[in-house]
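First up is the structure itself, then whatever we jot down about it.
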Amino acid sequence: MLRALSLSVAQLFDPPVLRVLVKSLALTLLIFVLLGAGLVFTVRAVALAYNLGEDGALAAATVAALAAFAAAWLLFRVVAILVIGLFGDQIVEAVEVRHYPAAASTARHVSFGRSLGMGLRSALRTIAVNLIALPLYILLLVTGIGPVLLFAAVNAVLLGRDLGEMVAARHLAKADMAGWLAATRFDRAAVGLAATLLFMIPLANLFAPILGAAMATHRFHGGRI
């Protein structure tokens, strides 16, 4: 895993990877800005509709803005992986061209529709599983570090699947995907854990989707050599 991480970091500012980094961060930011602005505008309009006055509307809009900021922090991983899913094929291709040219020459292009579908399923899966785990997160608050450990474990599995599928889609037929997922649970979870930890570190979380996709590529091909 350290080799996969070091190779991924070394390639982070290659032109093809850097372009995806800029596009994915810009789109992620735009999504949160639009959602936040929509929430603030809606709350302010509702406050005015209920005759709370300008002061009341301003207070409600301020609370909505703070709520939007908190939601952006909590949902960054979900949206970032959804967005990187749209450009993930470009990251995987850049890594393969540089390190695994034979595999790159036989890879199939992943359509935008399939990438979007995988990204949406990833987002829904992440939200659903973490909501199911929410009571456990709350119960473990008394342990201090318990919720963090559980969050890391749960999201390592989820993120490992998301990133692994991103790579495997270029090389495996859909009929073979289920078998591959079943056979690579632990390897994918290791990649997912590394990416999850990156998401939990300020500033590093901005690069986590790119590094995660690159690491998953190295682990996919490393496991097949």
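Just so we're on the same page: first chain in the structure tokens is A, next is B, and so on; residues restart at 1 for each chain, and ligands are numbered from 1 in the order they show up.
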Find the residues around segment 37-41 of chain A up to 6 Å (only C-alpha atoms counted), leave out those fewer than 5 positions away in its own chain, and share them as a list of chain:residue names.
A:Ala61, A:Ala64, A:Ala65
Next, write the just-selected residues to a file, as a PDB file, in the first residue's frame, keeping N, CA and C atoms as the atom set.
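Saved to selection01.pdb:
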```pdb
ATOM      1  N   ALA A  61     -31.543  32.913   7.587  1.00  0.00           N
ATOM      2  CA  ALA A  61     -30.599  32.677   6.494  1.00  0.00           C
ATOM      3  C   ALA A  61     -29.205  32.399   7.026  1.00  0.00           C
ATOM      4  N   ALA A  64     -29.146  28.916   8.225  1.00  0.00           N
ATOM      5  CA  ALA A  64     -29.128  28.039   7.050  1.00  0.00           C
ATOM      6  C   ALA A  64     -27.738  27.980   6.433  1.00  0.00           C
ATOM      7  N   ALA A  65     -27.048  29.116   6.403  1.00  0.00           N
ATOM      8  CA  ALA A  65     -25.691  29.145   5.850  1.00  0.00           C
ATOM      9  C   ALA A  65     -24.743  28.295   6.695  1.00  0.00           C
TER      10      ALA A  65
END
```
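For the residues A:Ala216, A:Leu34, A:Ala107, A:Leu131, ranking by smallest atom-to-atom distance to Glu165 of chain A using only C-alpha atoms places A:Ala216 first.
Here the question is which of A:Leu58, A:Leu116, A:Val154, A:Leu86 gets nearest to Ala133 of chain A using only C-alpha atoms, and that residue is A:Val154.
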Between A:Thr184, A:Ser24, A:Gln11, A:Thr196, which is the closest to Glu96 of chain A once you count only C-alpha atoms?
A:Gln11
Give me, as a PyMOL selection string, all polymer residues having an atom no more than 9 Å from Val92 of chain A, counting only C-alpha atoms and skipping those fewer than 2 positions away in the same chain.
chain A and resi 88-90+94-97+104+166-167+170+213-214+216-217
What are the DSSP alpha helix (DSSP H) residues of segment 68-180 of chain A, as a PyMOL selection string?
chain A and resi 68-99+101-106+112-139+146-168+174-180
Residues as selected, C-alpha atoms, written as a short mmCIF file (atom, residue, chain, number, x, y, z; two decimals), in the first residue's frame, can you do that?
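Everything below was put into result.cif:
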```cif
data_model
loop_
_atom_site.label_atom_id
_atom_site.label_comp_id
_atom_site.auth_asym_id
_atom_site.auth_seq_id
_atom_site.Cartn_x
_atom_site.Cartn_y
_atom_site.Cartn_z
CA ALA A 68 -24.97 24.35 4.71
CA PHE A 69 -21.34 24.70 5.77
CA ALA A 70 -21.70 21.81 8.23
CA ALA A 71 -23.42 19.71 5.57
CA ALA A 72 -20.61 20.46 3.12
CA TRP A 73 -18.07 19.19 5.66
CA LEU A 74 -20.08 16.03 6.38
CA LEU A 75 -20.97 15.29 2.76
CA PHE A 76 -17.68 16.26 1.12
CA ARG A 77 -16.57 12.64 0.78
CA VAL A 78 -19.89 11.64 -0.85
CA VAL A 79 -19.92 14.47 -3.37
CA ALA A 80 -16.18 14.28 -4.07
CA ILE A 81 -16.38 10.58 -4.96
CA LEU A 82 -19.48 11.18 -7.06
CA VAL A 83 -17.63 13.91 -8.96
CA ILE A 84 -14.37 11.99 -9.33
CA GLY A 85 -16.44 9.10 -10.66
CA LEU A 86 -17.26 11.27 -13.66
CA PHE A 87 -13.56 11.83 -14.40
CA GLY A 88 -12.16 8.68 -12.81
CA ASP A 89 -11.56 6.97 -16.13
CA GLN A 90 -9.07 9.73 -17.00
CA ILE A 91 -7.15 9.22 -13.74
CA VAL A 92 -7.01 5.46 -14.17
CA GLU A 93 -5.92 5.85 -17.79
CA ALA A 94 -3.12 8.27 -16.85
CA VAL A 95 -1.78 5.85 -14.22
CA GLU A 96 -2.03 2.89 -16.58
CA VAL A 97 -0.34 4.66 -19.47
CA ARG A 98 2.60 5.58 -17.24
CA HIS A 99 2.96 2.39 -15.18
CA PRO A 101 1.08 0.36 -20.67
CA ALA A 102 0.14 -3.20 -21.66
CA ALA A 103 -3.05 -2.98 -19.59
CA ALA A 104 -3.77 0.50 -20.92
CA SER A 105 -3.61 -0.77 -24.49
CA THR A 106 -6.37 -3.33 -23.86
CA PHE A 112 -20.18 8.78 -19.11
CA GLY A 113 -23.49 7.06 -18.39
CA ARG A 114 -21.84 4.12 -16.66
CA SER A 115 -19.52 6.43 -14.70
CA LEU A 116 -22.47 8.52 -13.58
CA GLY A 117 -24.38 5.40 -12.59
CA MET A 118 -21.50 4.11 -10.49
CA GLY A 119 -21.09 7.53 -8.88
CA LEU A 120 -24.78 7.81 -7.98
CA ARG A 121 -24.86 4.29 -6.56
CA SER A 122 -21.77 5.12 -4.55
CA ALA A 123 -23.40 8.25 -3.09
CA LEU A 124 -26.65 6.46 -2.22
CA ARG A 125 -24.78 3.49 -0.74
CA THR A 126 -22.61 5.76 1.41
CA ILE A 127 -25.52 7.81 2.74
CA ALA A 128 -27.69 4.74 3.41
CA VAL A 129 -25.02 2.69 5.19
CA ASN A 130 -23.84 5.60 7.34
CA LEU A 131 -27.43 6.40 8.32
CA ILE A 132 -27.91 2.77 9.33
CA ALA A 133 -24.70 2.98 11.36
CA LEU A 134 -25.73 6.30 12.97
CA PRO A 135 -27.15 4.72 16.18
CA LEU A 136 -23.84 2.92 16.67
CA TYR A 137 -21.93 6.16 16.08
CA ILE A 138 -24.03 7.78 18.81
CA LEU A 139 -23.66 4.85 21.23
CA GLY A 146 -15.15 4.75 18.95
CA PRO A 147 -17.17 6.69 16.34
CA VAL A 148 -13.98 7.59 14.46
CA LEU A 149 -12.83 3.98 14.31
CA LEU A 150 -16.26 2.75 13.21
CA PHE A 151 -16.51 5.51 10.60
CA ALA A 152 -13.10 4.56 9.24
CA ALA A 153 -14.01 0.86 9.08
CA VAL A 154 -17.41 1.39 7.46
CA ASN A 155 -16.15 3.85 4.90
CA ALA A 156 -13.04 1.82 4.13
CA VAL A 157 -15.29 -0.94 2.83
CA LEU A 158 -17.56 1.47 0.95
CA LEU A 159 -14.78 3.55 -0.55
CA GLY A 160 -12.74 0.48 -1.44
CA ARG A 161 -15.64 -0.78 -3.53
CA ASP A 162 -16.20 2.58 -5.22
CA LEU A 163 -12.56 3.02 -6.19
CA GLY A 164 -12.10 -0.60 -7.15
CA GLU A 165 -15.10 -0.56 -9.48
CA MET A 166 -13.73 2.56 -11.12
CA VAL A 167 -10.66 0.62 -12.23
CA ALA A 168 -12.20 -2.79 -12.82
CA LYS A 174 -20.05 -6.67 -16.16
CA ALA A 175 -20.71 -10.40 -15.72
CA ASP A 176 -17.30 -10.82 -14.06
CA MET A 177 -17.60 -7.85 -11.71
CA ALA A 178 -19.45 -9.63 -8.89
CA GLY A 179 -16.88 -12.41 -8.73
CA TRP A 180 -14.02 -9.93 -8.70
#
```
When you look at segment 202-208 of chain A with a cut-off of 8 Å (counting only C-alpha atoms), what residues show up, excluding the ones that are within fewer than 4 positions of it in the same chain? I need them as a PDB file with C-alpha atoms, in the first residue's frame.
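Result file follows (result.pdb):
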```pdb
ATOM      1  CA  LEU A  21      -7.865  17.557 -10.001  1.00  0.00           C
ATOM      2  CA  LEU A  25     -12.445  20.411  -7.208  1.00  0.00           C
ATOM      3  CA  ALA A 195      -8.362   6.923   1.148  1.00  0.00           C
ATOM      4  CA  THR A 196     -10.736   7.318   4.117  1.00  0.00           C
ATOM      5  CA  LEU A 198      -6.836  10.966   3.721  1.00  0.00           C
ATOM      6  CA  GLY A 212      -7.647   7.031  -3.996  1.00  0.00           C
TER       7      GLY A 212
END
```
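Counting only C-alpha atoms and comparing A:Tyr50, A:Val110, A:Arg3, A:Ala59, the residue that lies closest to Ala173 of chain A is A:Val110.
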Would you compute the distance between atom CA of Ala4 of chain A and atom CA of His218 of chain A? Give it in Å to one decimal.
5.6 Å
Using atom CA of Val22 of chain A and atom CA of His221 of chain A as the two end points, give the distance in Å to one decimal.
26.0 Å
Leaving out Leu211 of chain A and any residue of its chain fewer than 6 positions from it, which residues lie within 8 Å of it when counting only C-alpha atoms, given as an mmCIF file with N, CA and C atoms, in the first residue's frame?
```cif
data_model
loop_
_atom_site.group_PDB
_atom_site.id
_atom_site.type_symbol
_atom_site.label_atom_id
_atom_site.label_comp_id
_atom_site.auth_asym_id
_atom_site.auth_seq_id
_atom_site.Cartn_x
_atom_site.Cartn_y
_atom_site.Cartn_z
ATOM 1 N N LEU A 5 0.682 4.329 -2.627
ATOM 2 C CA LEU A 5 0.520 5.719 -2.197
ATOM 3 C C LEU A 5 1.657 6.588 -2.715
ATOM 4 N N SER A 8 1.320 7.200 -6.375
ATOM 5 C CA SER A 8 0.175 8.082 -6.637
ATOM 6 C C SER A 8 0.525 9.537 -6.343
ATOM 7 N N VAL A 9 1.204 9.768 -5.230
ATOM 8 C CA VAL A 9 1.629 11.128 -4.873
ATOM 9 C C VAL A 9 2.608 11.669 -5.909
ATOM 10 N N LEU A 12 0.823 13.001 -8.912
ATOM 11 C CA LEU A 12 -0.288 13.901 -8.615
ATOM 12 C C LEU A 12 -0.329 15.129 -9.511
ATOM 13 N N ALA A 195 -7.655 5.758 1.692
ATOM 14 C CA ALA A 195 -8.362 6.923 1.148
ATOM 15 C C ALA A 195 -9.233 7.580 2.211
#
```
